[in-house]
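In what follows, a structure is listed as structure tokens, so that the remarks can point back to it.
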Amino acid sequence: MKKIDKERVLLAVAGPVIALAVAFVLSAIVLVASGKNPVEPFALMFEQAGFSDIQVLIINQASMYYIAALAVAIGFRMNLFNIGVDGQYQLAAMMAAIVGAHANLPAFLQIPLLLLTAVLTGAFWSGIAGVLKVTRGVSEVVATIMLNAIATSVIGYLWLPDVFGVKIGNNNTTGEMHESGWIPGIDMGAAGEIYGLVILAVLLGIGYWVVLNRTRFGFDLRASGASESAAAASGVDPKRMVLTAMLISGGLAGLAGLPILLGDTHTYSLNFPTGIGFLGIGIALLGRNSPVGIAFAALLWAWLDKASPELDFHGYDKEIAVIMQGLIVLSVVVSYEAVREWGLRRQQRRVGAELAAGHVLGATDNTKKEVAGR
């Protein structure tokens, strides 16, 4: 049993390690091909990680990446590809900003109201794709891609001055939120503040693990993702699980933009970060849908984002970090498939050896019986 557990751990770790190693090597090759030093850019970025202000930026960015990746991972566990996390979190952040700018309740009511607004908005937007899938058989990939485009148009409409938009110079905003909805950060002195909702990201990670591994619902979710027919045979309604998984995924996605919204910007504007939902896909893949693995992957992605600007000051293009992120995603897909095939071959060999050993043992027992009978 211990041997099998060790093999499982080895297989779980091998994929990400191989993917990162391949991504670093390929990035170095790109640098060499462009006539640049293949080692110095990485040394510069590693050096940046030692500065306290960069560390704060990395943690803050990673909190948003982590929540977005958890939303993607919920879908992956159900064998669903929720590619609409980006639209879900942007629309949810805007609705929370609008509510925060127009409602002024005491903080103990205002903050839960904003969190609930974001969750319900994200769940509603992903639920559209879920309903289309279970009622009309529409692929969630196609539906969520279309919903991303529609979300962009809805946001543009809500930004109109005669709707909810507030024009500040050339910037479209939703107006500043009331202070009762601001969440204070963790003061790190000269290094800055860590977003207060970093704690929420940690709690969501713990809740994700508990629900998936310690509840009947989590078992049904994973069983439905592995085999809908087998899950249905055990009494699980596959359509209900698909819709539920999409709603939960969207609800989590809705929270992805709140750390920066409630902890820093206090308004939704043209400067609000975009693309977090798409990055969450790569982070969930690298983290193998594990809450701990996703945490490390989110920190890695945030480090690449926040340490790369230093490259501009040393004659290197900071886009090398973007290239590395893309190479990591490609390497993850290839390495995981290679590791999976390797694991299957090892399992087949082990089963073959056990069967052979059992055959030899059985033959020996038969021989002993024959001798005893004589």
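Letters A, B, ... go to the chains of the structure tokens in the order shown; residues in each chain start at 1; ligands are counted from 1 in the same order.
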
Given only C-alpha atoms, how would the per-residue table for range 124-232 of chain A near range 104-113 of chain A read, listing every residue at most 10 Å away with its closest atom pair and distance in Å to one decimal, sorted by chain and number, as a Markdown table?
| residue | atom | partner | partner_atom | distance |
| --- | --- | --- | --- | --- |
| A:Met177 | CA | A:Asn104 | CA | 8.7 |
| A:His178 | CA | A:Asn104 | CA | 6.1 |
| A:Glu179 | CA | A:Ala107 | CA | 8.2 |
| A:Ser180 | CA | A:Ala107 | CA | 4.5 |
| A:Gly181 | CA | A:Ile111 | CA | 5.1 |
| A:Trp182 | CA | A:Ile111 | CA | 7.6 |
| A:Ile183 | CA | A:Ile111 | CA | 7.9 |

Export, as a CSV table (one decimal), in the first residue's frame, the selected residues with N, CA, C and O atoms.
chain,number,residue,atom,x,y,z
A,177,MET,N,-17.0,53.4,-4.6
A,177,MET,CA,-17.8,52.7,-3.7
A,177,MET,C,-17.8,53.4,-2.3
A,177,MET,O,-16.8,54.1,-2.0
A,178,HIS,N,-18.9,53.2,-1.6
A,178,HIS,CA,-18.9,53.8,-0.2
A,178,HIS,C,-17.9,53.0,0.6
A,178,HIS,O,-17.6,51.8,0.5
A,179,GLU,N,-17.3,53.8,1.6
A,179,GLU,CA,-16.2,53.2,2.4
A,179,GLU,C,-16.7,52.0,3.2
A,179,GLU,O,-15.8,51.2,3.7
A,180,SER,N,-17.9,51.9,3.5
A,180,SER,CA,-18.4,50.8,4.3
A,180,SER,C,-18.2,49.4,3.6
A,180,SER,O,-18.2,48.4,4.2
A,181,GLY,N,-18.0,49.5,2.3
A,181,GLY,CA,-17.7,48.3,1.5
A,181,GLY,C,-16.2,48.0,1.3
A,181,GLY,O,-15.9,47.0,0.6
A,182,TRP,N,-15.4,48.9,1.8
A,182,TRP,CA,-13.9,48.7,1.6
A,182,TRP,C,-13.5,47.7,2.7
A,182,TRP,O,-13.9,47.6,3.8
A,183,ILE,N,-12.6,46.8,2.2
A,183,ILE,CA,-12.0,45.8,3.2
A,183,ILE,C,-10.5,46.2,3.4
A,183,ILE,O,-9.7,46.2,2.5

Once DSSP has gone over the backbone, tell me which residues of range 139-248 of chain A are in alpha helix (DSSP H), as a tab-separated table (two decimals) with N, CA and C atoms, in the first residue's frame.
chain	number	residue	atom	x	y	z
A	140	GLU	N	-20.55	23.49	-23.31
A	140	GLU	CA	-20.26	24.59	-22.40
A	140	GLU	C	-19.10	25.44	-22.89
A	141	VAL	N	-18.21	24.86	-23.70
A	141	VAL	CA	-17.09	25.63	-24.26
A	141	VAL	C	-17.61	26.72	-25.19
A	142	VAL	N	-18.46	26.32	-26.12
A	142	VAL	CA	-19.03	27.28	-27.08
A	142	VAL	C	-19.89	28.32	-26.35
A	143	ALA	N	-20.74	27.84	-25.43
A	143	ALA	CA	-21.66	28.74	-24.73
A	143	ALA	C	-20.90	29.78	-23.91
A	144	THR	N	-19.87	29.34	-23.17
A	144	THR	CA	-19.16	30.29	-22.31
A	144	THR	C	-18.30	31.27	-23.12
A	145	ILE	N	-17.78	30.82	-24.26
A	145	ILE	CA	-17.04	31.75	-25.12
A	145	ILE	C	-17.98	32.86	-25.61
A	146	MET	N	-19.17	32.47	-26.05
A	146	MET	CA	-20.14	33.47	-26.50
A	146	MET	C	-20.56	34.38	-25.35
A	147	LEU	N	-20.72	33.82	-24.16
A	147	LEU	CA	-21.12	34.62	-23.00
A	147	LEU	C	-20.03	35.59	-22.59
A	148	ASN	N	-18.76	35.25	-22.83
A	148	ASN	CA	-17.67	36.20	-22.57
A	148	ASN	C	-17.85	37.45	-23.43
A	149	ALA	N	-18.16	37.24	-24.71
A	149	ALA	CA	-18.35	38.36	-25.62
A	149	ALA	C	-19.58	39.18	-25.22
A	150	ILE	N	-20.64	38.49	-24.82
A	150	ILE	CA	-21.86	39.20	-24.40
A	150	ILE	C	-21.60	40.00	-23.13
A	151	ALA	N	-20.81	39.42	-22.20
A	151	ALA	CA	-20.49	40.12	-20.95
A	151	ALA	C	-19.75	41.42	-21.24
A	152	THR	N	-18.84	41.40	-22.21
A	152	THR	CA	-18.12	42.61	-22.59
A	152	THR	C	-19.09	43.68	-23.07
A	153	SER	N	-20.08	43.29	-23.87
A	153	SER	CA	-21.07	44.25	-24.36
A	153	SER	C	-21.96	44.77	-23.24
A	154	VAL	N	-22.34	43.88	-22.31
A	154	VAL	CA	-23.16	44.31	-21.17
A	154	VAL	C	-22.39	45.33	-20.32
A	155	ILE	N	-21.12	45.05	-20.10
A	155	ILE	CA	-20.29	45.98	-19.32
A	155	ILE	C	-20.23	47.34	-20.03
A	156	GLY	N	-20.04	47.32	-21.35
A	156	GLY	CA	-20.01	48.57	-22.11
A	156	GLY	C	-21.32	49.34	-21.97
A	157	TYR	N	-22.43	48.64	-21.95
A	157	TYR	CA	-23.71	49.30	-21.78
A	157	TYR	C	-23.85	49.89	-20.38
A	158	LEU	N	-23.48	49.14	-19.37
A	158	LEU	CA	-23.61	49.62	-18.00
A	158	LEU	C	-22.71	50.81	-17.72
A	198	VAL	N	-7.33	38.14	0.77
A	198	VAL	CA	-6.41	37.01	0.64
A	198	VAL	C	-6.86	35.89	1.58
A	199	ILE	N	-7.38	36.29	2.73
A	199	ILE	CA	-7.89	35.31	3.70
A	199	ILE	C	-9.06	34.54	3.09
A	200	LEU	N	-9.91	35.23	2.32
A	200	LEU	CA	-11.03	34.55	1.66
A	200	LEU	C	-10.52	33.50	0.69
A	201	ALA	N	-9.45	33.82	-0.04
A	201	ALA	CA	-8.88	32.86	-0.99
A	201	ALA	C	-8.43	31.60	-0.27
A	202	VAL	N	-7.80	31.78	0.90
A	202	VAL	CA	-7.35	30.63	1.69
A	202	VAL	C	-8.54	29.79	2.16
A	203	LEU	N	-9.58	30.46	2.64
A	203	LEU	CA	-10.77	29.75	3.11
A	203	LEU	C	-11.46	29.00	1.98
A	204	LEU	N	-11.48	29.60	0.80
A	204	LEU	CA	-12.09	28.93	-0.35
A	204	LEU	C	-11.31	27.68	-0.73
A	205	GLY	N	-9.98	27.76	-0.63
A	205	GLY	CA	-9.15	26.58	-0.93
A	205	GLY	C	-9.43	25.45	0.04
A	206	ILE	N	-9.55	25.80	1.33
A	206	ILE	CA	-9.86	24.78	2.33
A	206	ILE	C	-11.25	24.19	2.09
A	207	GLY	N	-12.22	25.07	1.82
A	207	GLY	CA	-13.57	24.60	1.56
A	207	GLY	C	-13.65	23.71	0.33
A	208	TYR	N	-12.89	24.07	-0.70
A	208	TYR	CA	-12.84	23.27	-1.93
A	208	TYR	C	-12.37	21.85	-1.63
A	209	TRP	N	-11.32	21.73	-0.82
A	209	TRP	CA	-10.77	20.41	-0.50
A	209	TRP	C	-11.76	19.61	0.35
A	210	VAL	N	-12.36	20.26	1.34
A	210	VAL	CA	-13.28	19.56	2.23
A	210	VAL	C	-14.50	19.05	1.46
A	211	VAL	N	-15.08	19.92	0.63
A	211	VAL	CA	-16.29	19.54	-0.11
A	211	VAL	C	-16.01	18.40	-1.06
A	212	LEU	N	-14.90	18.47	-1.78
A	212	LEU	CA	-14.60	17.44	-2.79
A	212	LEU	C	-14.18	16.11	-2.17
A	213	ASN	N	-13.52	16.14	-1.05
A	213	ASN	CA	-12.94	14.93	-0.49
A	213	ASN	C	-13.62	14.40	0.77
A	214	ARG	N	-14.52	15.19	1.37
A	214	ARG	CA	-15.11	14.76	2.62
A	214	ARG	C	-16.64	14.85	2.65
A	216	ARG	N	-20.53	13.85	0.50
A	216	ARG	CA	-21.20	13.04	-0.51
A	216	ARG	C	-21.31	13.81	-1.83
A	217	PHE	N	-21.59	15.12	-1.72
A	217	PHE	CA	-21.70	15.92	-2.93
A	217	PHE	C	-20.39	15.90	-3.72
A	218	GLY	N	-19.27	16.02	-3.01
A	218	GLY	CA	-17.97	15.98	-3.68
A	218	GLY	C	-17.73	14.66	-4.37
A	219	PHE	N	-18.13	13.58	-3.70
A	219	PHE	CA	-17.98	12.25	-4.32
A	219	PHE	C	-18.84	12.14	-5.58
A	220	ASP	N	-20.09	12.62	-5.49
A	220	ASP	CA	-20.98	12.57	-6.65
A	220	ASP	C	-20.42	13.40	-7.79
A	221	LEU	N	-19.83	14.55	-7.45
A	221	LEU	CA	-19.26	15.42	-8.47
A	221	LEU	C	-18.11	14.73	-9.20
A	222	ARG	N	-17.20	14.14	-8.43
A	222	ARG	CA	-16.06	13.47	-9.04
A	222	ARG	C	-16.50	12.22	-9.80
A	223	ALA	N	-17.48	11.50	-9.26
A	223	ALA	CA	-17.97	10.30	-9.94
A	223	ALA	C	-18.64	10.65	-11.26
A	224	SER	N	-19.42	11.73	-11.26
A	224	SER	CA	-20.08	12.15	-12.49
A	224	SER	C	-19.07	12.59	-13.53
A	225	GLY	N	-18.00	13.24	-13.08
A	225	GLY	CA	-16.96	13.65	-14.01
A	225	GLY	C	-16.21	12.48	-14.60
A	226	ALA	N	-16.03	11.41	-13.80
A	226	ALA	CA	-15.31	10.23	-14.28
A	226	ALA	C	-16.16	9.41	-15.23
A	228	GLU	N	-20.45	9.46	-16.35
A	228	GLU	CA	-21.83	9.85	-16.12
A	228	GLU	C	-22.74	8.62	-16.01
A	229	SER	N	-22.48	7.62	-16.85
A	229	SER	CA	-23.33	6.43	-16.83
A	229	SER	C	-23.20	5.68	-15.51
A	230	ALA	N	-21.95	5.55	-15.01
A	230	ALA	CA	-21.74	4.87	-13.73
A	230	ALA	C	-22.38	5.66	-12.58
A	231	ALA	N	-22.25	7.00	-12.65
A	231	ALA	CA	-22.84	7.83	-11.60
A	231	ALA	C	-24.37	7.71	-11.63
A	232	ALA	N	-24.94	7.69	-12.84
A	232	ALA	CA	-26.39	7.56	-12.96
A	232	ALA	C	-26.87	6.22	-12.42
A	233	ALA	N	-26.07	5.18	-12.62
A	233	ALA	CA	-26.43	3.85	-12.12
A	233	ALA	C	-26.46	3.81	-10.60
A	238	PRO	N	-27.03	13.08	-13.52
A	238	PRO	CA	-25.92	13.76	-14.20
A	238	PRO	C	-26.25	15.19	-14.60
A	239	LYS	N	-27.47	15.43	-15.08
A	239	LYS	CA	-27.84	16.78	-15.51
A	239	LYS	C	-27.85	17.75	-14.33
A	240	ARG	N	-28.37	17.27	-13.20
A	240	ARG	CA	-28.37	18.13	-12.01
A	240	ARG	C	-26.96	18.46	-11.57
A	241	MET	N	-26.05	17.48	-11.66
A	241	MET	CA	-24.66	17.70	-11.26
A	241	MET	C	-23.96	18.66	-12.21
A	242	VAL	N	-24.27	18.57	-13.51
A	242	VAL	CA	-23.68	19.49	-14.48
A	242	VAL	C	-24.10	20.92	-14.16
A	243	LEU	N	-25.40	21.12	-13.95
A	243	LEU	CA	-25.90	22.46	-13.65
A	243	LEU	C	-25.34	22.98	-12.33
A	244	THR	N	-25.30	22.12	-11.32
A	244	THR	CA	-24.76	22.52	-10.02
A	244	THR	C	-23.29	22.90	-10.12
A	245	ALA	N	-22.51	22.10	-10.85
A	245	ALA	CA	-21.09	22.38	-11.01
A	245	ALA	C	-20.87	23.71	-11.72
A	246	MET	N	-21.67	24.00	-12.75
A	246	MET	CA	-21.53	25.27	-13.46
A	246	MET	C	-21.90	26.44	-12.57
A	247	LEU	N	-22.93	26.28	-11.76
A	247	LEU	CA	-23.34	27.36	-10.85
A	247	LEU	C	-22.25	27.64	-9.81
A	248	ILE	N	-21.68	26.58	-9.24
A	248	ILE	CA	-20.62	26.76	-8.24
A	248	ILE	C	-19.39	27.37	-8.88

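Per DSSP on the backbone, strand (DSSP E or B) in range 109-330 of chain A comprises Val166, Lys167, Ile168, Asn171, Asn172, Thr173, Ile186, Asp187, Glu193, Ile194 and Ser269 of chain A.
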
Problem - A:Asn82, A:Gln55, A:Gln90, A:Ser227 ranked by distance to Ala307 in chain A, top pick (using only C-alpha atoms) - result: A:Gln55

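Interatomic distance, CA of Ile168 in chain A to CA of Leu270 in chain A: 10.7 Å.
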
Exercise for the section: Report the distance between CA of Ala33 in chain A and CA of Leu20 in chain A in Å, rounded to one decimal place. Expected result: 19.9 Å

Problem - Nearby residues (only C-alpha atoms) at most 10 Å from Pro161 in chain A, same-chain spacing under 6 positions excluded, as number ranges by chain - result: A: 167, 172-174

Got time to write the residues from that selection, C-alpha atoms, as a PDB file, in the first residue's frame?
ATOM      1  CA  LYS A 167     -16.857  59.485 -16.666  1.00  0.00           C
ATOM      2  CA  ASN A 172     -15.082  54.869 -17.747  1.00  0.00           C
ATOM      3  CA  THR A 173     -15.882  53.993 -14.119  1.00  0.00           C
ATOM      4  CA  THR A 174     -18.813  52.976 -11.954  1.00  0.00           C
TER       5      THR A 174
END

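Residues surrounding Gly280 in chain A within 6 Å are Tyr65, Ala68, Ala69, Gly277, Phe278, Gly282, Ile283 and Ala284 of chain A [only C-alpha atoms; sequence separation below 2 positions excluded].
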
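Every protein or nucleic acid residue with an atom no more than 7 Å from Ala253 in chain A, counting only C-alpha atoms and leaving out same-chain residues fewer than 5 positions away, appears here: A:Ile67, A:Ala68, A:Ala71, A:Val85, A:Gln88, A:Tyr89, A:Gly122.
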
Problem - Residues near Ala295 in chain A, cut-off 9 Å, only C-alpha atoms, skip fewer than 3 positions along chain, as a PyMOL selection string - result: chain A and resi 62-63+65-66+205+283+287+290-292+298-300

How about saving the chosen residues, N, CA and C atoms kept, as a JSON list (two decimals), in the first residue's frame?
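After the write, again09.json holds the following:
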[["chain", "number", "residue", "atom", "x", "y", "z"],
["A", 62, "ALA", "N", -1.68, 36.77, -6.74],
["A", 62, "ALA", "CA", -1.93, 35.33, -6.64],
["A", 62, "ALA", "C", -3.30, 35.03, -6.03],
["A", 63, "SER", "N", -3.79, 35.90, -5.15],
["A", 63, "SER", "CA", -5.10, 35.67, -4.53],
["A", 63, "SER", "C", -6.20, 35.66, -5.59],
["A", 65, "TYR", "N", -5.71, 35.10, -8.91],
["A", 65, "TYR", "CA", -5.45, 33.94, -9.76],
["A", 65, "TYR", "C", -5.95, 32.66, -9.10],
["A", 66, "TYR", "N", -5.76, 32.57, -7.80],
["A", 66, "TYR", "CA", -6.12, 31.35, -7.07],
["A", 66, "TYR", "C", -7.64, 31.12, -7.12],
["A", 205, "GLY", "N", -9.98, 27.76, -0.63],
["A", 205, "GLY", "CA", -9.15, 26.58, -0.93],
["A", 205, "GLY", "C", -9.43, 25.45, 0.04],
["A", 283, "ILE", "N", -3.36, 27.84, -14.69],
["A", 283, "ILE", "CA", -2.99, 27.63, -13.29],
["A", 283, "ILE", "C", -3.65, 26.37, -12.74],
["A", 287, "GLY", "N", -1.63, 23.12, -11.49],
["A", 287, "GLY", "CA", -1.86, 22.67, -10.11],
["A", 287, "GLY", "C", -2.61, 21.37, -10.01],
["A", 290, "SER", "N", -5.62, 20.51, -7.64],
["A", 290, "SER", "CA", -5.42, 20.36, -6.20],
["A", 290, "SER", "C", -5.30, 21.74, -5.56],
["A", 291, "PRO", "N", -5.95, 21.99, -4.41],
["A", 291, "PRO", "CA", -5.88, 23.33, -3.81],
["A", 291, "PRO", "C", -4.46, 23.76, -3.47],
["A", 292, "VAL", "N", -3.63, 22.82, -3.04],
["A", 292, "VAL", "CA", -2.23, 23.16, -2.74],
["A", 292, "VAL", "C", -1.45, 23.39, -4.03],
["A", 298, "ALA", "N", -0.42, 29.52, -8.75],
["A", 298, "ALA", "CA", -0.85, 30.92, -8.73],
["A", 298, "ALA", "C", 0.30, 31.84, -8.31],
["A", 299, "LEU", "N", 1.07, 31.40, -7.33],
["A", 299, "LEU", "CA", 2.24, 32.18, -6.91],
["A", 299, "LEU", "C", 3.28, 32.27, -8.02],
["A", 300, "LEU", "N", 3.47, 31.16, -8.74],
["A", 300, "LEU", "CA", 4.41, 31.16, -9.86],
["A", 300, "LEU", "C", 3.97, 32.15, -10.93]]

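Nearest to Leu70 in chain A of all the residues A:Ile294, A:Ile276, A:Val236, A:Ala118 is A:Ile294, counting only C-alpha atoms.
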
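The closest residue to Leu252 in chain A, picked from A:Trp342, A:Phe46, A:Phe124, A:Phe24 and counting only C-alpha atoms, is A:Phe124.
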
Handout entry: One-decimal distance in Å that lies between CA of Asp317 in chain A and CA of Phe272 in chain A
Key = 23.6 Å
